[in-house]
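Engineer: Structure supplied as run36.pdb; contents: PDB, C-alpha atoms.
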ATOM      1  CA  MET H   1    -103.952  -5.546 177.873
ATOM      2  CA  ALA H   2    -103.392  -6.169 174.149
ATOM      3  CA  ILE H   3    -106.708  -4.595 173.229
ATOM      4  CA  LEU H   4    -105.998  -1.538 175.427
ATOM      5  CA  THR H   5    -102.557  -1.033 173.853
ATOM      6  CA  LEU H   6    -103.973  -1.054 170.331
ATOM      7  CA  CYS H   7    -106.485   1.603 171.331
ATOM      8  CA  TRP H   8    -103.733   3.883 172.589
ATOM      9  CA  ALA H   9    -101.701   3.425 169.407
ATOM     10  CA  GLY H  10    -104.668   4.382 167.273
ATOM     11  CA  ALA H  11    -105.176   7.544 169.300
ATOM     12  CA  ALA H  12    -101.509   8.532 168.912
ATOM     13  CA  LEU H  13    -101.563   8.073 165.140
ATOM     14  CA  ALA H  14    -104.698  10.160 164.863
ATOM     15  CA  ASP H  15    -103.080  12.953 166.890
ATOM     16  CA  MET H  16     -99.934  13.031 164.649
ATOM     17  CA  GLY H  17    -102.008  13.300 161.498
ATOM     18  CA  GLY H  18    -103.855  16.324 162.874
ATOM     19  CA  SER H  19    -100.609  18.143 163.838
ATOM     20  CA  PHE H  20     -99.198  17.637 160.345
ATOM     21  CA  GLN H  21    -102.278  19.135 158.759
ATOM     22  CA  GLU H  22    -102.203  22.114 161.142
ATOM     23  CA  GLY H  23     -98.526  22.809 160.263
ATOM     24  CA  LYS H  24     -99.282  22.568 156.540
ATOM     25  CA  ASP H  25    -102.178  24.989 156.849
ATOM     26  CA  LEU H  26    -100.009  27.455 158.818
ATOM     27  CA  GLY H  27     -97.220  27.354 156.189
ATOM     28  CA  GLY H  28     -99.679  27.947 153.399
ATOM     29  CA  SER H  29    -101.171  30.965 155.143
ATOM     30  CA  VAL H  30     -97.830  32.794 155.585
ATOM     31  CA  ALA H  31     -96.149  31.772 152.286
ATOM     32  CA  GLU H  32     -97.788  34.482 150.212
ATOM     33  CA  GLY H  33     -96.770  37.225 152.650
ATOM     34  CA  ALA H  34     -93.177  35.907 152.850
ATOM     35  CA  PHE H  35     -92.726  35.951 149.041
ATOM     36  CA  ALA H  36     -94.256  39.425 148.814
ATOM     37  CA  GLY H  37     -91.609  40.720 151.262
ATOM     38  CA  ILE H  38     -88.727  39.672 148.960
ATOM     39  CA  ASN H  39     -88.295  42.672 146.642
ATOM     40  CA  SER H  40     -85.822  45.422 145.764
ATOM     41  CA  GLY H  41     -87.061  47.670 148.542
ATOM     42  CA  ALA H  42     -86.456  45.033 151.186
ATOM     43  CA  ALA H  43     -82.932  44.381 149.814
ATOM     44  CA  GLU H  44     -82.135  48.099 149.890
ATOM     45  CA  GLU H  45     -82.944  48.214 153.607
ATOM     46  CA  LYS H  46     -80.749  45.181 154.440
ATOM     47  CA  VAL H  47     -77.700  45.801 152.188
ATOM     48  CA  PRO H  48     -75.652  48.986 152.924
ATOM     49  CA  ALA H  49     -75.171  51.344 149.924
ATOM     50  CA  TYR H  50     -77.529  49.223 147.807
ATOM     51  CA  GLY H  51     -78.023  50.783 144.352
ATOM     52  CA  ALA H  52     -75.560  53.672 144.991
ATOM     53  CA  ASN H  53     -72.737  54.421 142.516
ATOM     54  CA  PRO H  54     -69.305  54.415 144.236
ATOM     55  CA  ALA H  55     -66.969  57.402 143.781
ATOM     56  CA  GLU H  56     -64.509  55.195 141.861
ATOM     57  CA  THR H  57     -66.998  54.897 138.958
ATOM     58  CA  GLN H  58     -65.397  57.985 137.359
ATOM     59  CA  TYR H  59     -62.106  56.109 136.839
ATOM     60  CA  TYR H  60     -63.576  53.540 134.411
ATOM     61  CA  GLN H  61     -64.171  55.855 131.414
ATOM     62  CA  GLY H  62     -65.318  53.041 129.138
ATOM     63  CA  GLY H  63     -62.259  50.917 129.910
ATOM     64  CA  GLN H  64     -59.835  53.707 128.897
ATOM     65  CA  GLY H  65     -59.291  55.285 132.318
ATOM     66  CA  GLN H  66     -55.846  55.619 133.880
ATOM     67  CA  ILE H  67     -55.951  54.184 137.398
ATOM     68  CA  ALA H  68     -52.242  54.201 138.310
ATOM     69  CA  GLY H  69     -52.431  57.472 140.270
ATOM     70  CA  PRO H  70     -55.712  56.746 142.115
ATOM     71  CA  GLY H  71     -54.489  53.208 142.859
ATOM     72  CA  ILE H  72     -51.303  54.487 144.521
ATOM     73  CA  GLY H  73     -53.353  57.015 146.482
ATOM     74  CA  LYS H  74     -55.773  54.342 147.716
ATOM     75  CA  THR H  75     -52.859  52.069 148.732
ATOM     76  CA  GLN H  76     -51.289  54.879 150.775
ATOM     77  CA  GLU H  77     -54.657  55.787 152.313
ATOM     78  CA  CYS H  78     -55.363  52.205 153.453
ATOM     79  CA  ALA H  79     -51.809  51.506 154.703
ATOM     80  CA  GLY H  80     -52.572  53.022 158.124
ATOM     81  CA  TYR H  81     -56.321  52.246 158.214
ATOM     82  CA  ALA H  82     -57.715  51.244 161.614
ATOM     83  CA  PRO H  83     -60.784  48.927 161.324
ATOM     84  CA  GLY H  84     -64.019  50.268 162.859
ATOM     85  CA  SER H  85     -67.097  48.585 164.224
ATOM     86  CA  ASP H  86     -68.804  48.442 160.783
ATOM     87  CA  LYS H  87     -67.468  45.215 159.224
ATOM     88  CA  ILE H  88     -68.890  46.031 155.793
ATOM     89  CA  ALA H  89     -67.151  49.448 155.753
ATOM     90  CA  ASN H  90     -63.860  47.699 156.672
ATOM     91  CA  GLN H  91     -63.990  45.423 153.633
ATOM     92  CA  GLU H  92     -62.594  47.984 151.146
ATOM     93  CA  CYS H  93     -59.265  48.626 152.914
ATOM     94  CA  GLU H  94     -58.995  44.966 153.925
ATOM     95  CA  ALA H  95     -59.102  44.009 150.228
ATOM     96  CA  VAL H  96     -56.637  46.781 149.218
ATOM     97  CA  ASN H  97     -54.154  45.809 151.952
ATOM     98  CA  PHE H  98     -54.444  42.128 151.014
ATOM     99  CA  LEU H  99     -53.541  42.864 147.381
ATOM    100  CA  ALA H 100     -50.734  45.285 148.318
ATOM    101  CA  ARG H 101     -49.132  42.929 150.865
ATOM    102  CA  ASN H 102     -49.880  39.635 149.144
ATOM    103  CA  PRO H 103     -46.442  39.309 147.443
ATOM    104  CA  GLN H 104     -44.788  39.449 150.896
ATOM    105  CA  ILE H 105     -47.098  37.006 152.691
ATOM    106  CA  ARG H 106     -47.722  34.362 150.028
ATOM    107  CA  PRO H 107     -45.353  31.308 149.832
ATOM    108  CA  GLN H 108     -42.181  31.818 147.819
ATOM    109  CA  PHE H 109     -40.737  29.061 145.628
ATOM    110  CA  ASN H 110     -38.092  28.612 142.933
ATOM    111  CA  ILE H 111     -38.462  26.709 139.657
ATOM    112  CA  THR H 112     -35.185  24.913 138.826
ATOM    113  CA  LYS H 113     -34.018  23.376 135.551
ATOM    114  CA  ASN H 114     -34.895  19.926 136.935
ATOM    115  CA  ASP H 115     -38.525  20.826 137.601
ATOM    116  CA  PRO H 116     -40.918  18.241 136.029
ATOM    117  CA  MET H 117     -42.593  21.005 134.024
ATOM    118  CA  VAL H 118     -39.249  22.086 132.491
ATOM    119  CA  LEU H 119     -38.104  18.510 131.887
ATOM    120  CA  GLY H 120     -41.429  17.694 130.213
ATOM    121  CA  ALA H 121     -41.055  20.611 127.793
ATOM    122  CA  LYS H 122     -37.497  19.537 126.924
ATOM    123  CA  ASN H 123     -38.646  15.961 126.337
ATOM    124  CA  ALA H 124     -41.414  17.150 123.979
ATOM    125  CA  ARG H 125     -38.901  19.268 122.081
ATOM    126  CA  ASN H 126     -36.251  16.517 121.783
ATOM    127  CA  ASN H 127     -38.782  13.824 120.833
ATOM    128  CA  ALA H 128     -41.116  15.860 118.668
ATOM    129  CA  GLU H 129     -41.760  13.092 116.108
ATOM    130  CA  SER H 130     -42.882  10.484 118.658
ATOM    131  CA  PHE H 131     -44.910  13.159 120.499
ATOM    132  CA  PHE H 132     -46.868  14.059 117.355
ATOM    133  CA  GLN H 133     -47.406  10.361 116.602
ATOM    134  CA  SER H 134     -48.881   9.946 120.100
ATOM    135  CA  ILE H 135     -51.588  12.495 119.258
ATOM    136  CA  GLY H 136     -52.321  11.056 115.796
ATOM    137  CA  ILE H 137     -50.033  13.135 113.577
ATOM    138  CA  ASN H 138     -47.589  11.024 111.544
ATOM    139  CA  GLY H 139     -44.086  12.363 111.038
ATOM    140  CA  GLY H 140     -40.816  11.068 109.722
ATOM    141  CA  THR H 141     -40.662   9.540 106.248
ATOM    142  CA  GLY H 142     -42.809   7.188 104.207
ATOM    143  CA  SER H 143     -46.122   7.350 102.396
ATOM    144  CA  SER H 144     -48.119   7.965 105.584
ATOM    145  CA  THR H 145     -46.157  10.995 106.697
ATOM    146  CA  GLN H 146     -47.898  14.352 106.949
ATOM    147  CA  CYS H 147     -44.573  16.261 106.822
ATOM    148  CA  THR H 148     -43.197  17.594 103.542
ATOM    149  CA  THR H 149     -39.839  19.051 102.604
ATOM    150  CA  ARG H 150     -39.855  22.228 100.564
ATOM    151  CA  THR H 151     -36.883  24.189  99.282
ATOM    152  CA  GLU H 152     -37.307  27.871  98.567
ATOM    153  CA  THR H 153     -34.651  29.832  96.736
ATOM    154  CA  THR H 154     -34.571  33.595  96.885
ATOM    155  CA  PRO H 155     -32.488  34.941  93.992
ATOM    156  CA  ALA H 156     -30.012  37.711  94.636
ATOM    157  CA  GLN H 157     -31.413  41.177  94.153
ATOM    158  CA  TYR H 158     -29.462  43.750  92.147
ATOM    159  CA  THR H 159     -30.137  47.373  91.404
ATOM    160  CA  THR H 160     -28.251  49.946  89.365
ATOM    161  CA  GLU H 161     -28.071  53.487  90.639
ATOM    162  CA  THR H 162     -26.476  56.508  88.970
ATOM    163  CA  CYS H 163     -25.709  59.996  90.066
ATOM    164  CA  SER H 164     -24.634  63.164  88.299
ATOM    165  CA  SER H 165     -22.344  65.905  89.558
ATOM    166  CA  VAL H 166     -22.853  69.199  87.751
ATOM    167  CA  LYS H 167     -20.247  71.951  87.922
ATOM    168  CA  GLU H 168     -21.227  75.417  86.826
ATOM    169  CA  LEU H 169     -18.938  77.187  84.348
ATOM    170  CA  GLY H 170     -18.486  80.928  84.330
ATOM    171  CA  THR H 171     -16.217  83.633  82.978
ATOM    172  CA  GLN H 172     -13.773  85.114  85.454
ATOM    173  CA  GLN H 173     -11.776  88.308  84.918
ATOM    174  CA  CYS H 174      -8.648  89.546  86.611
ATOM    175  CA  THR H 175      -6.170  92.433  86.166
ATOM    176  CA  MET H 176      -2.461  91.755  86.020
ATOM    177  CA  GLY H 177       0.059  94.469  86.823
ATOM    178  CA  ARG H 178      -0.539  98.182  87.491
ATOM    179  CA  THR H 179      -0.942 101.121  85.149
ATOM    180  CA  VAL H 180       0.457 104.473  86.344
ATOM    181  CA  ASN H 181      -0.646 107.658  84.582
ATOM    182  CA  ILE H 182       1.411 110.798  85.250
ATOM    183  CA  GLU H 183      -0.147 114.165  84.591
ATOM    184  CA  THR H 184       2.342 116.950  83.998
ATOM    185  CA  ASP H 185      -0.011 119.576  85.379
ATOM    186  CA  ALA H 186      -0.726 117.719  88.672
ATOM    187  CA  ASN H 187       0.023 119.429  92.001
ATOM    188  CA  PHE H 188       1.700 116.572  93.836
ATOM    189  CA  GLN H 189       0.742 117.076  97.485
ATOM    190  CA  CYS H 190      -0.033 114.647 100.335
ATOM    191  CA  ASP H 191      -3.596 114.193 101.533
ATOM    192  CA  GLN H 192      -4.397 116.620 104.298
ATOM    193  CA  THR H 193      -6.793 116.238 107.209
ATOM    194  CA  VAL H 194      -8.213 119.311 108.895
ATOM    195  CA  ASN H 195      -9.067 118.824 112.576
ATOM    196  CA  ALA H 196     -11.783 121.013 114.050
ATOM    197  CA  TYR H 197     -12.544 121.368 117.737
ATOM    198  CA  GLU H 198     -15.909 122.242 119.214
ATOM    199  CA  ASN H 199     -16.858 122.701 122.859
ATOM    200  CA  LEU H 200     -20.222 121.119 123.698
ATOM    201  CA  SER H 201     -21.901 120.591 127.049
ATOM    202  CA  CYS H 202     -24.946 118.806 128.459
ATOM    203  CA  ASP H 203     -26.554 117.985 131.807
ATOM    204  CA  ASP H 204     -26.048 114.304 132.695
ATOM    205  CA  SER H 205     -27.468 114.556 136.205
ATOM    206  CA  THR H 206     -30.843 113.028 135.295
ATOM    207  CA  LEU H 207     -31.106 109.279 134.680
ATOM    208  CA  ALA H 208     -34.561 107.671 134.500
ATOM    209  CA  CYS H 209     -34.845 103.866 134.972
ATOM    210  CA  THR H 210     -37.946 101.682 134.876
ATOM    211  CA  VAL H 211     -38.494  97.956 135.453
ATOM    212  CA  THR H 212     -39.353  96.389 132.091
ATOM    213  CA  GLY H 213     -39.399  92.714 133.086
ATOM    214  CA  VAL H 214     -38.196  89.919 135.342
ATOM    215  CA  LYS H 215     -35.273  87.574 134.750
ATOM    216  CA  LEU H 216     -35.448  83.993 136.059
ATOM    217  CA  GLN H 217     -32.445  82.924 138.120
ATOM    218  CA  CYS H 218     -31.514  79.266 138.589
ATOM    219  CA  ALA H 219     -31.931  77.531 141.965
ATOM    220  CA  SER H 220     -30.585  73.983 142.461
ATOM    221  CA  THR H 221     -33.386  71.557 143.412
ATOM    222  CA  SER H 222     -33.769  67.835 144.256
ATOM    223  CA  THR H 223     -37.331  66.468 144.375
ATOM    224  CA  LEU H 224     -39.543  63.528 143.435
ATOM    225  CA  CYS H 225     -41.101  63.452 139.957
ATOM    226  CA  ALA H 226     -44.510  63.419 141.707
ATOM    227  CA  SER H 227     -45.498  64.172 145.299
ATOM    228  CA  TRP H 228     -46.943  60.649 145.601
ATOM    229  CA  ALA H 229     -44.140  58.877 143.686
ATOM    230  CA  SER H 230     -41.658  56.384 145.164
ATOM    231  CA  SER H 231     -38.081  57.459 145.851
ATOM    232  CA  CYS H 232     -36.893  55.721 142.674
ATOM    233  CA  CYS H 233     -38.579  58.438 140.560
ATOM    234  CA  TRP H 234     -36.581  61.682 141.085
ATOM    235  CA  ILE H 235     -35.526  64.953 139.418
ATOM    236  CA  ASN H 236     -32.397  67.067 140.093
ATOM    237  CA  VAL H 237     -31.880  70.605 138.753
ATOM    238  CA  THR H 238     -28.232  71.756 138.960
ATOM    239  CA  CYS H 239     -27.205  75.369 138.255
ATOM    240  CA  ASN H 240     -24.152  75.910 136.019
ATOM    241  CA  ALA H 241     -22.002  78.932 135.195
ATOM    242  CA  GLY H 242     -23.284  81.409 132.627
ATOM    243  CA  GLY H 243     -26.967  81.024 133.486
ATOM    244  CA  SER H 244     -27.326  77.436 132.226
ATOM    245  CA  ALA H 245     -28.721  74.438 134.123
ATOM    246  CA  THR H 246     -28.633  70.628 133.991
ATOM    247  CA  VAL H 247     -31.835  68.600 134.522
ATOM    248  CA  GLN H 248     -31.367  64.946 135.542
ATOM    249  CA  HIS H 249     -34.280  62.476 135.821
ATOM    250  CA  GLY H 250     -34.407  58.848 136.968
ATOM    251  CA  ASP H 251     -37.482  56.606 136.775
ATOM    252  CA  CYS H 252     -38.484  53.374 138.510
ATOM    253  CA  CYS H 253     -37.742  51.374 135.333
ATOM    254  CA  GLY H 254     -34.013  51.979 135.892
ATOM    255  CA  TYR H 255     -33.639  54.571 133.104
ATOM    256  CA  SER H 256     -31.969  57.966 133.578
ATOM    257  CA  TYR H 257     -32.050  61.063 131.381
ATOM    258  CA  THR H 258     -29.909  64.238 131.336
ATOM    259  CA  LYS H 259     -30.760  67.516 129.592
ATOM    260  CA  VAL H 260     -28.636  70.702 129.566
ATOM    261  CA  VAL H 261     -30.616  73.958 129.381
ATOM    262  CA  SER H 262     -28.433  76.728 127.929
ATOM    263  CA  ASP H 263     -30.495  79.484 129.603
ATOM    264  CA  VAL H 264     -32.833  79.054 132.581
ATOM    265  CA  SER H 265     -35.286  81.409 130.863
ATOM    266  CA  GLN H 266     -36.295  78.370 128.774
ATOM    267  CA  PHE H 267     -38.176  77.099 131.854
ATOM    268  CA  LEU H 268     -40.708  79.893 131.208
ATOM    269  CA  SER H 269     -41.915  78.052 128.083
ATOM    270  CA  GLY H 270     -41.397  74.562 129.571
ATOM    271  CA  VAL H 271     -38.464  72.113 129.570
ATOM    272  CA  THR H 272     -39.143  68.466 128.630
ATOM    273  CA  TYR H 273     -37.061  66.063 130.732
ATOM    274  CA  ASN H 274     -38.020  62.546 129.513
ATOM    275  CA  PRO H 275     -39.030  60.851 126.197
ATOM    276  CA  ALA H 276     -42.722  60.631 127.194
ATOM    277  CA  GLY H 277     -42.992  64.452 127.281
ATOM    278  CA  ALA H 278     -43.052  65.296 131.018
ATOM    279  CA  LYS H 279     -42.250  69.007 131.568
ATOM    280  CA  ILE H 280     -41.065  71.521 134.140
ATOM    281  CA  THR H 281     -42.637  74.959 133.571
ATOM    282  CA  CYS H 282     -41.876  78.097 135.617
ATOM    283  CA  THR H 283     -43.629  81.462 135.791
ATOM    284  CA  ASN H 284     -41.944  84.894 135.885
ATOM    285  CA  THR H 285     -42.527  84.884 139.654
ATOM    286  CA  GLY H 286     -40.228  81.851 140.070
ATOM    287  CA  SER H 287     -43.000  79.312 140.762
ATOM    288  CA  CYS H 288     -42.244  76.045 138.915
ATOM    289  CA  SER H 289     -44.764  73.205 138.411
ATOM    290  CA  MET H 290     -44.204  69.706 137.041
ATOM    291  CA  THR H 291     -46.236  67.314 134.914
ATOM    292  CA  PHE H 292     -46.018  63.509 135.045
ATOM    293  CA  GLU H 293     -46.295  61.114 132.106
ATOM    294  CA  ASN H 294     -46.935  57.454 132.919
ATOM    295  CA  TYR H 295     -45.502  54.831 130.543
ATOM    296  CA  TYR H 296     -44.601  51.169 130.274
ATOM    297  CA  CYS H 297     -40.926  50.321 130.894
ATOM    298  CA  SER H 298     -40.824  48.578 127.498
ATOM    299  CA  ASN H 299     -41.747  51.823 125.648
ATOM    300  CA  PRO H 300     -40.771  54.985 127.611
ATOM    301  CA  SER H 301     -41.574  57.313 124.691
ATOM    302  CA  ALA H 302     -45.316  56.412 124.633
ATOM    303  CA  SER H 303     -47.345  58.085 127.372
ATOM    304  CA  ILE H 304     -50.260  56.072 128.802
ATOM    305  CA  GLY H 305     -51.343  58.719 131.301
ATOM    306  CA  HIS H 306     -50.867  62.492 131.696
ATOM    307  CA  TYR H 307     -51.024  64.239 135.106
ATOM    308  CA  ASP H 308     -50.696  68.001 135.716
ATOM    309  CA  ASN H 309     -49.260  69.777 138.795
ATOM    310  CA  VAL H 310     -47.887  66.594 140.398
ATOM    311  CA  ASN H 311     -45.080  68.499 142.200
ATOM    312  CA  SER H 312     -43.590  72.015 142.438
ATOM    313  CA  PHE H 313     -40.547  74.010 143.527
ATOM    314  CA  ASN H 314     -39.361  77.648 143.376
ATOM    315  CA  MET H 315     -36.585  79.576 141.645
ATOM    316  CA  THR H 316     -35.430  83.128 142.329
ATOM    317  CA  THR H 317     -35.992  86.148 140.087
ATOM    318  CA  SER H 318     -34.291  89.518 139.463
ATOM    319  CA  PRO H 319     -35.751  92.670 137.837
ATOM    320  CA  VAL H 320     -34.694  93.919 134.380
ATOM    321  CA  PHE H 321     -34.221  97.721 134.106
ATOM    322  CA  SER H 322     -34.359 100.096 131.153
ATOM    323  CA  CYS H 323     -32.603 103.465 131.727
ATOM    324  CA  THR H 324     -32.651 106.669 129.645
ATOM    325  CA  GLU H 325     -30.478 109.778 129.995
ATOM    326  CA  GLY H 326     -31.792 113.349 130.247
ATOM    327  CA  GLY H 327     -30.353 116.798 129.644
ATOM    328  CA  GLY H 328     -29.496 116.259 125.957
ATOM    329  CA  CYS H 329     -26.510 113.976 126.645
ATOM    330  CA  GLU H 330     -27.842 111.126 124.527
ATOM    331  CA  ALA H 331     -27.495 113.292 121.394
ATOM    332  CA  LEU H 332     -23.943 114.318 122.371
ATOM    333  CA  ASP H 333     -23.019 110.703 123.075
ATOM    334  CA  ALA H 334     -24.238 109.719 119.611
ATOM    335  CA  ARG H 335     -22.042 112.385 117.966
ATOM    336  CA  THR H 336     -18.879 111.506 119.903
ATOM    337  CA  ARG H 337     -19.337 107.807 119.233
TER
END
Just give me the structure of the file as structure tokens.
Structural biologist:
Amino acid sequence: MAILTLCWAGAALADMGGSFQEGKDLGGSVAEGAFAGINSGAAEEKVPAYGANPAETQYYQGGQGQIAGPGIGKTQECAGYAPGSDKIANQECEAVNFLARNPQIRPQFNITKNDPMVLGAKNARNNAESFFQSIGINGGTGSSTQCTTRTETTPAQYTTETCSSVKELGTQQCTMGRTVNIETDANFQCDQTVNAYENLSCDDSTLACTVTGVKLQCASTSTLCASWASSCCWINVTCNAGGSATVQHGDCCGYSYTKVVSDVSQFLSGVTYNPAGAKITCTNTGSCSMTFENYYCSNPSASIGHYDNVNSFNMTTSPVFSCTEGGGCEALDARTR
């Protein structure tokens, strides 16, 4: 039995060695073909939109592009997005919605004055000398100190300024009293005025009028400073007596601006309503368009992005006439006036 068992064991070991060699030979035969299949063409077939430039590439502009407007548009577009069956196509709006909603869903916490981070900073400030010594910088006094005391004195500055006031001198003349000369041969008579009457006539039945232009008339308006802006960014145009108007603007930084336009015709050349240079410009047909200037809240007068035709509204207009008289009456009117 022992001899028979050893024979079986030898047969089993021989069989395992042959299977290993067969597997090794098979792997070597397909390795070259497997590596040859890994190339850019194979990746392009497996990865959607491989090698294609996305539409958002135009916003980069060498790092100088303004992405505030497109970013707001993409956030609004993805707010109501319904995921489809293509999981890769869903990834864009899933990422946008995550960033837009993250402040509301992430944990909220408060840092108090007793927070270890705050207390550690206070301790470093109050014990600055021992803190510097702990990192190898000697302070205090003595020969080993690396701190020095230096007194700088800035002398008082004085300057002498002079000015001159020059008064021009001139010769003035005046006449005192009155000299009356009496001529013995004079015919002392009062001044006389002779009135003459003349009968003139003309035909004033013809009056020719033509339209020479259009006058812009104010129309009170309340609208957003951009069609895609939040409600905190608004513009009000209020009509006043005498053809003037008041433009009020509020932005999302909490600032508000008021500008009084003495004549609504100024809208034809453009009315600036904030420090960054945003304008309302109307045409002689009453169509008014608005521009938008983006800026940081810390510096409202410096524009970081200009956008045209972000919103619009309408005003009314009235024609301007020029009339001339016929029948010779204009000449008669000139004489009688």
Engineer: So, with all atoms listed in the file as the atoms that count, which of H:Gln217, H:Ser298, H:Gln248, H:Ser230 lies closest to Asn314 of chain H?
Structural biologist: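 Closest to Asn314 of chain H, using all atoms listed in the file: H:Gln217.
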Engineer: Running the PyMOL selection byres ((chain H and resi 282) around 10) on this model by hand, what would come out? Give it as a list in words.
Structural biologist: Leu216, Val264, Ser265, Gln266, Phe267, Leu268, Ser269, Gly270, Val271, Lys279, Ile280, Thr281, Thr283, Asn284, Thr285, Gly286, Ser287, Cys288, Ser289, Met290, Ser312, Phe313, Asn314 and Met315 of chain H
Engineer: Any chance you could work out the residue set of the PyMOL selection byres ((chain H and resi 70) around 12) here, as a ChimeraX atom specification?
Structural biologist: /H:55-60,65-69,71-77,228-229,305,307
Engineer: Would you export the selected residues with C-alpha atoms as a PDB file, in the frame of the given file, please?
Structural biologist:
ATOM      1  CA  ALA H  55     -66.969  57.402 143.781  1.00  0.00           C
ATOM      2  CA  GLU H  56     -64.509  55.195 141.861  1.00  0.00           C
ATOM      3  CA  THR H  57     -66.998  54.897 138.958  1.00  0.00           C
ATOM      4  CA  GLN H  58     -65.397  57.985 137.359  1.00  0.00           C
ATOM      5  CA  TYR H  59     -62.106  56.109 136.839  1.00  0.00           C
ATOM      6  CA  TYR H  60     -63.576  53.540 134.411  1.00  0.00           C
ATOM      7  CA  GLY H  65     -59.291  55.285 132.318  1.00  0.00           C
ATOM      8  CA  GLN H  66     -55.846  55.619 133.880  1.00  0.00           C
ATOM      9  CA  ILE H  67     -55.951  54.184 137.398  1.00  0.00           C
ATOM     10  CA  ALA H  68     -52.242  54.201 138.310  1.00  0.00           C
ATOM     11  CA  GLY H  69     -52.431  57.472 140.270  1.00  0.00           C
ATOM     12  CA  GLY H  71     -54.489  53.208 142.859  1.00  0.00           C
ATOM     13  CA  ILE H  72     -51.303  54.487 144.521  1.00  0.00           C
ATOM     14  CA  GLY H  73     -53.353  57.015 146.482  1.00  0.00           C
ATOM     15  CA  LYS H  74     -55.773  54.342 147.716  1.00  0.00           C
ATOM     16  CA  THR H  75     -52.859  52.069 148.732  1.00  0.00           C
ATOM     17  CA  GLN H  76     -51.289  54.879 150.775  1.00  0.00           C
ATOM     18  CA  GLU H  77     -54.657  55.787 152.313  1.00  0.00           C
ATOM     19  CA  TRP H 228     -46.943  60.649 145.601  1.00  0.00           C
ATOM     20  CA  ALA H 229     -44.140  58.877 143.686  1.00  0.00           C
ATOM     21  CA  GLY H 305     -51.343  58.719 131.301  1.00  0.00           C
ATOM     22  CA  TYR H 307     -51.024  64.239 135.106  1.00  0.00           C
TER      23      TYR H 307
END
Engineer: Given the choices H:Gly243, H:Asn97, H:Ile235, H:Thr160, which gets closest to Lys259 of chain H if the distance is worked out from all atoms listed in the file?
Structural biologist: H:Ile235
Engineer: Atom CA of Cys323 of chain H and atom CA of Val214 of chain H are how many Å apart?
Structural biologist: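 Separation of atom CA of Cys323 of chain H and atom CA of Val214 of chain H: 15.1 Å.
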Engineer: Which residues are near Pro275 of chain H? Cut-off 12 Å, only C-alpha atoms, ignore same chain within fewer than 4 positions. Put them as a ChimeraX atom specification.
Structural biologist: /H:249-251,255-259,271,279,292-297,299-303
Engineer: Which one is closest to Thr291 of chain H: H:Ser134, H:Asn274, H:Gln108, H:Thr212? Count only C-alpha atoms.
Structural biologist: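 Between H:Ser134, H:Asn274, H:Gln108, H:Thr212, the residue approaching Thr291 of chain H most closely is H:Asn274.
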Engineer: How would segment 165-176 of chain H look with N, CA and C atoms restored, written as a compact mmCIF listing (two decimals), in the frame of the given file?
Structural biologist:
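Once everything was written out, this is part.txt:
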# COMPACT_ATOMS: atom_id res chain seq x y z
N SER H 165 -22.93 64.77 88.86
CA SER H 165 -22.34 65.90 89.56
C SER H 165 -22.15 67.03 88.53
N VAL H 166 -22.87 68.10 88.72
CA VAL H 166 -22.85 69.20 87.75
C VAL H 166 -22.01 70.34 88.31
N LYS H 167 -21.09 70.83 87.54
CA LYS H 167 -20.25 71.95 87.92
C LYS H 167 -20.55 73.13 87.02
N GLU H 168 -20.90 74.23 87.62
CA GLU H 168 -21.23 75.42 86.83
C GLU H 168 -19.95 76.04 86.26
N LEU H 169 -20.06 76.52 85.01
CA LEU H 169 -18.94 77.19 84.35
C LEU H 169 -19.26 78.67 84.19
N GLY H 170 -18.28 79.50 84.46
CA GLY H 170 -18.49 80.93 84.33
C GLY H 170 -17.22 81.63 83.87
N THR H 171 -17.37 82.84 83.46
CA THR H 171 -16.22 83.63 82.98
C THR H 171 -15.70 84.49 84.11
N GLN H 172 -14.41 84.36 84.39
CA GLN H 172 -13.77 85.11 85.45
C GLN H 172 -12.78 86.10 84.82
N GLN H 173 -12.70 87.28 85.42
CA GLN H 173 -11.78 88.31 84.92
C GLN H 173 -10.83 88.71 86.03
N CYS H 174 -9.63 89.06 85.64
CA CYS H 174 -8.65 89.55 86.61
C CYS H 174 -7.73 90.55 85.91
N THR H 175 -7.09 91.40 86.69
CA THR H 175 -6.17 92.43 86.17
C THR H 175 -4.76 92.13 86.64
N MET H 176 -3.85 92.05 85.69
CA MET H 176 -2.46 91.76 86.02
C MET H 176 -1.65 93.04 85.89
